[in-house]
Amino acid sequence: MKKIYLTTAIPYVNGRPHVGHSLDYLLADVCARYHRLLGDEVRLQAGTDEHGGKIFQKAEDNGLDVQQYVDNNVEFFKSFIEQMGISYTDFVRTTDEEHVKRCQEIWMRLSDHIYSAEYEGWYCDGCERYITQKEYDENGGVCPDHQKPYSRLKEQNYYFRISDFKDRIRDAIESNEMKIFPEYRKREILRLIEESPDVSVSRPVSQLKWGVPVPGDSGQTMYVWIDALSNYLTVLGYPDVDVDDWWPAEVQFLGKDILRFHAIIWPAMLIGLGLPLPKNMVTHGFILSNGQKMSKSIGNVVDPLEVLEKHGRDAFRYYYLKHIDTFNDSDFTWEMFDDAYNNELANDLGNLVQRVATLAYKNGLQEVDTNELYKMSDEYVEFMDSFEYTKAFEYVWGLIQGLNRRIDVEKPWVIAKNGELDKLKDCLSSLVGELLVANYLLSPFLPDTADRIYQVFGKPIAPPEIPLFPKA
RNA sequence: CGUGGGGUAGAGCAGUCCGGUAGCUCGUUUGGCUCAUAACCAAAAGGUCGUUGGUUCAAAUCCAACCCCCACAACCA
């Protein structure tokens, strides 16, 4: 029995939950439930990133108090996470008093690697942000959104000296001390490390008010990096609490877009703090809509709550865990979602449960000895341990389809007609047993369904009154 | 010549490292069955494996060149 700490990336709460947010949670949740089956003690973190200019701006635009605005949005995320059935144990908000305090302490512990420098660049007053030289050239020196010429600005920033840690990080990634999944992302990061400059970790208060004050400098506010990334530690109580039991994290789940920060800035922070690096980083792809990235301007955004409502929580989890590739971009369409529900969940699994339960019930099989049943095959464990959840799920589905086939081959109804009672009992017990094994392996993916199946085949065995996955 | 991923049946994908009858799921057609949610099972049809050239007895797989899509390079999950 091990202690396992898993993390999810904390979403920026300047809007409502997006379907893309769900992948982090689902993957982490499957991992958590799997480890609990193995008998491990698991802590699963979730949280929200609530500082920054964009949120401040958005709140003002809506005429709301900023804290009130984020409080509101956080509720949407929390309820979304709960609706997906995520078994998190800890929740952190970057506006939590404790987080702010601990995060400042972390900053101070990193101070040997933080220096002050002047930043100079092109700035748009309308966008309230610096732009790159390339963007400046492309737009001919005028902001296309605001029709105003960019101005040359200088400001004081604190920088975090990434160069102090590069060698150590490269070694850790190359040697798989901090293992990055999938493999090709590891190569990508190794290349990126070489050209990573020191990062700016603060902004003048005049530019960024809504954030954690830099300790010892009232004129500066922390920029997102140290504030947000440190959540993985502050939620455990670091540095006030001894976190050796839980840190390093077993797995950190994140989207491919933020891997660079998690694989470079974050390890640099950890090394600076004298802490070990996370053991695994799992990066998932994006969910596309008809092959395109979802975006408000294209108008192809899929509302996750709508998907959740359509066929319920487990259908949602089923689609995202089986049909959305764990590592690569995959498509979501309502058509594919409905097909998956009707053809796979309802026809394969729901109907299988129905027919096996009915066979057992009609033939007087009351219960099945469940001892010795709950074991994991090597194949399953291998997939689960390498975070190939889509493949693990497919493996389990193969068992389910195999059972449907077996029933047709063995024809228990014929055995019953012939009055071969012992043979019938063996056949049915074995079918129920195998179904329960498949259900056991299924439980990290579809926890609610798994519970219902356990109920159906509890004492006494009885077909469900309402089918598991009713069709419209 | 930026970096990375990809182009295999109508759709979604595996197979490519270690060359040897092209596979899975869905859809389509036909047949079977009746325990079951018109569900389940079986069979069939359907592919110049992006293009061209090379190596080889043999190439989806190795090599070379090229074409096309996507992502990242800029806090869009």
# chains A, B, ... in the order shown; residues from 1 in each chain; ligands from 1
$ closest_atom_pairs --of "chain B" --to "chain A" --cutoff "10 Å" --atoms "only C-alpha atoms (C1' of nucleotides)" --output "Markdown table"
| residue | atom | partner | partner_atom | distance |
| --- | --- | --- | --- | --- |
| B:U3 | C1' | A:Glu188 | CA | 7.7 |
| B:G4 | C1' | A:Glu188 | CA | 6.7 |
| B:G5 | C1' | A:Tyr184 | CA | 8.7 |
| B:A11 | C1' | A:Met336 | CA | 9.6 |
| B:G12 | C1' | A:His323 | CA | 8.8 |
| B:C13 | C1' | A:His323 | CA | 9.9 |
| B:U25 | C1' | A:Glu344 | CA | 9.9 |
| B:C26 | C1' | A:Asp339 | CA | 7.9 |
| B:C33 | C1' | A:Asp408 | CA | 7.8 |
| B:U34 | C1' | A:Trp413 | CA | 9.0 |
| B:C35 | C1' | A:Arg355 | CA | 5.4 |
| B:A36 | C1' | A:Arg355 | CA | 4.2 |
| B:U37 | C1' | A:Asn351 | CA | 5.8 |
| B:A39 | C1' | A:Asn347 | CA | 5.9 |
| B:C40 | C1' | A:Asn404 | CA | 6.6 |
| B:C41 | C1' | A:Asp408 | CA | 5.9 |
| B:C70 | C1' | A:Gly291 | CA | 8.8 |
| B:A71 | C1' | A:Asp329 | CA | 9.1 |
| B:C72 | C1' | A:Asp257 | CA | 8.2 |
| B:A74 | C1' | A:Thr132 | CA | 7.5 |
| B:C75 | C1' | A:Val224 | CA | 8.5 |
| B:C76 | C1' | A:Ser295 | CA | 7.8 |
| B:A77 | C1' | A:Gly20 | CA | 4.5 |
$ select_by_dssp --residues "range 31-253 of chain A" --states "alpha helix (DSSP H)" --output "number ranges by chain"
A: 31-37, 53-61, 66-83, 97-109, 133-138, 166-174, 183-194, 224-229, 231-234
$ write_last_selection --atoms "C-alpha atoms" --output "compact mmCIF listing (two decimals), in the first residue's frame"
# COMPACT_ATOMS: atom_id res chain seq x y z
CA CYS A 31 -5.81 6.88 -12.21
CA ALA A 32 -7.01 7.63 -8.68
CA ARG A 33 -9.73 4.99 -8.74
CA TYR A 34 -7.36 2.43 -10.24
CA HIS A 35 -4.85 3.00 -7.47
CA ARG A 36 -7.56 2.77 -4.86
CA LEU A 37 -8.49 -0.63 -6.28
CA GLY A 53 -5.28 40.99 -15.49
CA LYS A 54 -7.79 39.22 -17.67
CA ILE A 55 -9.94 38.21 -14.75
CA PHE A 56 -9.66 41.65 -13.23
CA GLN A 57 -10.73 43.18 -16.52
CA LYS A 58 -13.60 40.76 -17.04
CA ALA A 59 -14.95 41.44 -13.57
CA GLU A 60 -14.79 45.17 -14.15
CA ASP A 61 -16.49 44.85 -17.52
CA VAL A 66 -13.36 40.76 -8.54
CA GLN A 67 -13.50 38.40 -5.62
CA GLN A 68 -17.22 38.00 -6.12
CA TYR A 69 -16.66 37.35 -9.80
CA VAL A 70 -14.17 34.55 -9.22
CA ASP A 71 -16.24 33.11 -6.38
CA ASN A 72 -19.06 32.79 -8.85
CA ASN A 73 -16.99 31.17 -11.56
CA VAL A 74 -15.33 28.78 -9.16
CA GLU A 75 -18.74 27.39 -8.30
CA PHE A 76 -19.32 26.51 -11.94
CA PHE A 77 -16.05 24.62 -12.08
CA LYS A 78 -16.64 22.87 -8.80
CA SER A 79 -20.06 21.73 -9.80
CA PHE A 80 -18.73 20.62 -13.18
CA ILE A 81 -16.04 18.53 -11.51
CA GLU A 82 -18.59 17.00 -9.21
CA GLN A 83 -21.00 16.25 -12.01
CA GLU A 97 -5.42 33.07 2.07
CA GLU A 98 -3.32 30.01 2.87
CA HIS A 99 -2.22 29.64 -0.72
CA VAL A 100 -1.18 33.29 -0.95
CA LYS A 101 0.84 33.09 2.24
CA ARG A 102 2.55 29.84 1.28
CA CYS A 103 3.20 31.03 -2.20
CA GLN A 104 4.99 34.11 -0.85
CA GLU A 105 7.05 31.84 1.35
CA ILE A 106 7.96 29.80 -1.70
CA TRP A 107 9.00 32.97 -3.51
CA MET A 108 11.30 33.87 -0.64
CA ARG A 109 12.86 30.44 -0.63
CA GLN A 133 8.70 42.31 -32.36
CA LYS A 134 7.31 39.96 -34.96
CA GLU A 135 3.75 40.96 -34.19
CA TYR A 136 4.83 44.59 -34.30
CA ASP A 137 6.31 44.13 -37.75
CA GLU A 138 3.32 42.22 -39.05
CA LYS A 166 18.66 23.64 -17.08
CA ASP A 167 21.25 20.89 -16.80
CA ARG A 168 19.52 19.27 -13.91
CA ILE A 169 16.12 19.39 -15.63
CA ARG A 170 17.49 17.99 -18.87
CA ASP A 171 19.06 15.10 -16.96
CA ALA A 172 15.84 14.40 -15.11
CA ILE A 173 13.83 14.28 -18.28
CA GLU A 174 16.34 12.27 -20.27
CA GLU A 183 7.40 9.97 -25.65
CA TYR A 184 7.30 12.48 -28.50
CA ARG A 185 6.45 15.29 -26.13
CA LYS A 186 9.56 14.44 -24.18
CA ARG A 187 11.65 15.03 -27.30
CA GLU A 188 9.81 18.27 -27.91
CA ILE A 189 10.59 19.53 -24.42
CA LEU A 190 14.23 18.53 -24.52
CA ARG A 191 14.62 20.72 -27.54
CA LEU A 192 12.70 23.59 -25.99
CA ILE A 193 14.79 23.58 -22.84
CA GLU A 194 17.88 24.64 -24.71
CA VAL A 224 1.09 33.64 -13.07
CA TRP A 225 4.02 31.20 -12.85
CA ILE A 226 5.03 31.01 -9.25
CA ASP A 227 1.52 31.81 -8.09
CA ALA A 228 -0.25 29.12 -10.09
CA LEU A 229 2.36 26.36 -10.22
CA ASN A 231 -0.64 25.29 -5.95
CA TYR A 232 0.46 21.68 -6.28
CA LEU A 233 2.47 22.15 -3.09
CA THR A 234 0.49 24.72 -1.15
$ atom_distance --atom1 "CA of Ala416 in chain A" --atom2 "CA of Leu431 in chain A"
14.8 Å
$ residues_around --residues "Leu270 in chain A" --least-positions-apart "2" --cutoff "12 Å" --atoms "only C-alpha atoms (C1' of nucleotides)" --output "PyMOL selection string"
chain A and resi 106-107+109-110+113+162+165+168-169+178+226+229-230+232-233+238+247-249+262-268+272-278
$ residues_around --residues "Gln220 in chain A" --least-positions-apart "6" --cutoff "10 Å" --atoms "only C-alpha atoms (C1' of nucleotides)" --output "list in words"
Gln156, Asn157, Tyr158, Val201, Ser202, Arg203, Pro204, Val205, Ser206, Gln207, Leu208, Lys209, Gly211, Val212, Pro213 and Val214 of chain A
$ write_last_selection --atoms "all heavy atoms" --output "short mmCIF file (atom, residue, chain, number, x, y, z; two decimals), in the first residue's frame"
data_model
loop_
_atom_site.label_atom_id
_atom_site.label_comp_id
_atom_site.auth_asym_id
_atom_site.auth_seq_id
_atom_site.Cartn_x
_atom_site.Cartn_y
_atom_site.Cartn_z
N GLN A 156 10.10 47.51 -14.78
CA GLN A 156 10.91 46.69 -13.91
C GLN A 156 10.18 45.36 -13.68
O GLN A 156 8.98 45.35 -13.43
CB GLN A 156 11.11 47.43 -12.58
CG GLN A 156 12.33 47.04 -11.81
CD GLN A 156 13.62 47.46 -12.52
OE1 GLN A 156 13.62 48.38 -13.33
NE2 GLN A 156 14.70 46.75 -12.24
N ASN A 157 10.89 44.25 -13.80
CA ASN A 157 10.30 42.92 -13.53
C ASN A 157 11.27 42.10 -12.71
O ASN A 157 12.48 42.34 -12.76
CB ASN A 157 10.12 42.12 -14.82
CG ASN A 157 8.86 42.49 -15.59
OD1 ASN A 157 8.57 41.90 -16.61
ND2 ASN A 157 8.13 43.48 -15.12
N TYR A 158 10.74 41.13 -12.00
CA TYR A 158 11.62 40.13 -11.41
C TYR A 158 11.70 38.95 -12.38
O TYR A 158 10.70 38.60 -13.02
CB TYR A 158 11.09 39.64 -10.07
CG TYR A 158 11.30 40.65 -8.97
CD1 TYR A 158 10.25 41.45 -8.51
CD2 TYR A 158 12.57 40.81 -8.40
CE1 TYR A 158 10.46 42.39 -7.51
CE2 TYR A 158 12.78 41.75 -7.40
CZ TYR A 158 11.72 42.53 -6.96
OH TYR A 158 11.93 43.46 -5.97
N VAL A 201 8.67 36.83 -13.71
CA VAL A 201 7.72 36.29 -12.75
C VAL A 201 6.97 37.36 -11.96
O VAL A 201 6.33 37.06 -10.95
CB VAL A 201 8.42 35.32 -11.76
CG1 VAL A 201 8.80 34.03 -12.46
CG2 VAL A 201 9.64 35.97 -11.11
N SER A 202 7.07 38.61 -12.41
CA SER A 202 6.29 39.65 -11.73
C SER A 202 5.91 40.75 -12.70
O SER A 202 6.42 40.80 -13.82
CB SER A 202 7.10 40.26 -10.58
OG SER A 202 8.05 41.18 -11.09
N ARG A 203 5.00 41.61 -12.27
CA ARG A 203 4.60 42.77 -13.05
C ARG A 203 4.47 43.94 -12.07
O ARG A 203 4.16 43.72 -10.89
CB ARG A 203 3.23 42.56 -13.70
CG ARG A 203 3.19 41.49 -14.79
CD ARG A 203 3.87 42.00 -16.05
NE ARG A 203 3.77 41.00 -17.13
CZ ARG A 203 4.61 39.99 -17.30
NH1 ARG A 203 5.61 39.83 -16.45
NH2 ARG A 203 4.47 39.16 -18.29
N PRO A 204 4.66 45.15 -12.58
CA PRO A 204 4.44 46.29 -11.68
C PRO A 204 2.97 46.33 -11.24
O PRO A 204 2.10 45.96 -12.03
CB PRO A 204 4.75 47.51 -12.56
CG PRO A 204 5.49 46.98 -13.73
CD PRO A 204 5.07 45.57 -13.92
N VAL A 205 2.73 46.75 -10.04
CA VAL A 205 1.36 46.83 -9.52
C VAL A 205 0.49 47.69 -10.44
O VAL A 205 -0.71 47.41 -10.62
CB VAL A 205 1.36 47.39 -8.09
CG1 VAL A 205 -0.07 47.69 -7.64
CG2 VAL A 205 2.00 46.39 -7.13
N SER A 206 1.09 48.72 -11.03
CA SER A 206 0.33 49.60 -11.91
C SER A 206 -0.31 48.81 -13.06
O SER A 206 -1.35 49.16 -13.57
CB SER A 206 1.24 50.68 -12.47
OG SER A 206 2.33 50.07 -13.16
N GLN A 207 0.34 47.70 -13.42
CA GLN A 207 -0.16 46.92 -14.55
C GLN A 207 -0.97 45.70 -14.10
O GLN A 207 -1.86 45.24 -14.80
CB GLN A 207 1.06 46.44 -15.35
CG GLN A 207 0.75 46.11 -16.78
CD GLN A 207 1.91 45.37 -17.42
OE1 GLN A 207 1.80 44.23 -17.83
NE2 GLN A 207 3.06 46.04 -17.48
N LEU A 208 -0.62 45.17 -12.96
CA LEU A 208 -1.29 43.97 -12.45
C LEU A 208 -1.58 44.12 -10.97
O LEU A 208 -0.68 44.06 -10.14
CB LEU A 208 -0.41 42.75 -12.70
CG LEU A 208 -0.93 41.40 -12.18
CD1 LEU A 208 -2.23 41.02 -12.84
CD2 LEU A 208 0.11 40.31 -12.40
N LYS A 209 -2.85 44.35 -10.68
CA LYS A 209 -3.22 44.56 -9.27
C LYS A 209 -3.70 43.26 -8.65
O LYS A 209 -3.47 42.99 -7.48
CB LYS A 209 -4.37 45.57 -9.17
CG LYS A 209 -4.01 46.96 -9.58
CD LYS A 209 -5.25 47.84 -9.48
CE LYS A 209 -5.13 49.11 -10.30
NZ LYS A 209 -4.92 48.90 -11.75
N GLY A 211 -3.46 39.93 -7.80
CA GLY A 211 -2.50 38.84 -7.72
C GLY A 211 -1.83 38.83 -6.36
O GLY A 211 -2.20 39.59 -5.46
N VAL A 212 -0.85 37.94 -6.23
CA VAL A 212 -0.14 37.82 -4.96
C VAL A 212 0.97 38.86 -4.91
O VAL A 212 1.80 38.91 -5.81
CB VAL A 212 0.47 36.41 -4.83
CG1 VAL A 212 1.22 36.28 -3.51
CG2 VAL A 212 -0.61 35.35 -4.96
N PRO A 213 0.99 39.71 -3.88
CA PRO A 213 2.06 40.71 -3.78
C PRO A 213 3.42 40.04 -3.64
O PRO A 213 3.55 39.04 -2.94
CB PRO A 213 1.72 41.46 -2.49
CG PRO A 213 0.28 41.16 -2.21
CD PRO A 213 0.02 39.80 -2.78
N VAL A 214 4.41 40.60 -4.34
CA VAL A 214 5.77 40.08 -4.20
C VAL A 214 6.25 40.45 -2.80
O VAL A 214 6.17 41.61 -2.41
CB VAL A 214 6.69 40.70 -5.27
CG1 VAL A 214 8.14 40.40 -4.96
CG2 VAL A 214 6.31 40.18 -6.65
#
$ closest_residue --among "A:Phe91, A:Tyr454, A:Tyr440, A:Phe387" --to "Ala28 in chain A" --atoms "only C-alpha atoms"
A:Phe387
$ residues_around --residues "G31 in chain B" --least-positions-apart "5" --cutoff "12 Å" --atoms "only C-alpha atoms (C1' of nucleotides)" --output "list in words"
C41, A42, A43 and A44 of chain B
$ atom_distance --atom1 "CA of Tyr119 in chain A" --atom2 "CA of Glu50 in chain A"
25.1 Å
$ residues_around --residues "Asp198 in chain A" --least-positions-apart "3" --cutoff "7 Å" --atoms "only C-alpha atoms (C1' of nucleotides)" --output "PyMOL selection string"
chain A and resi 159-163
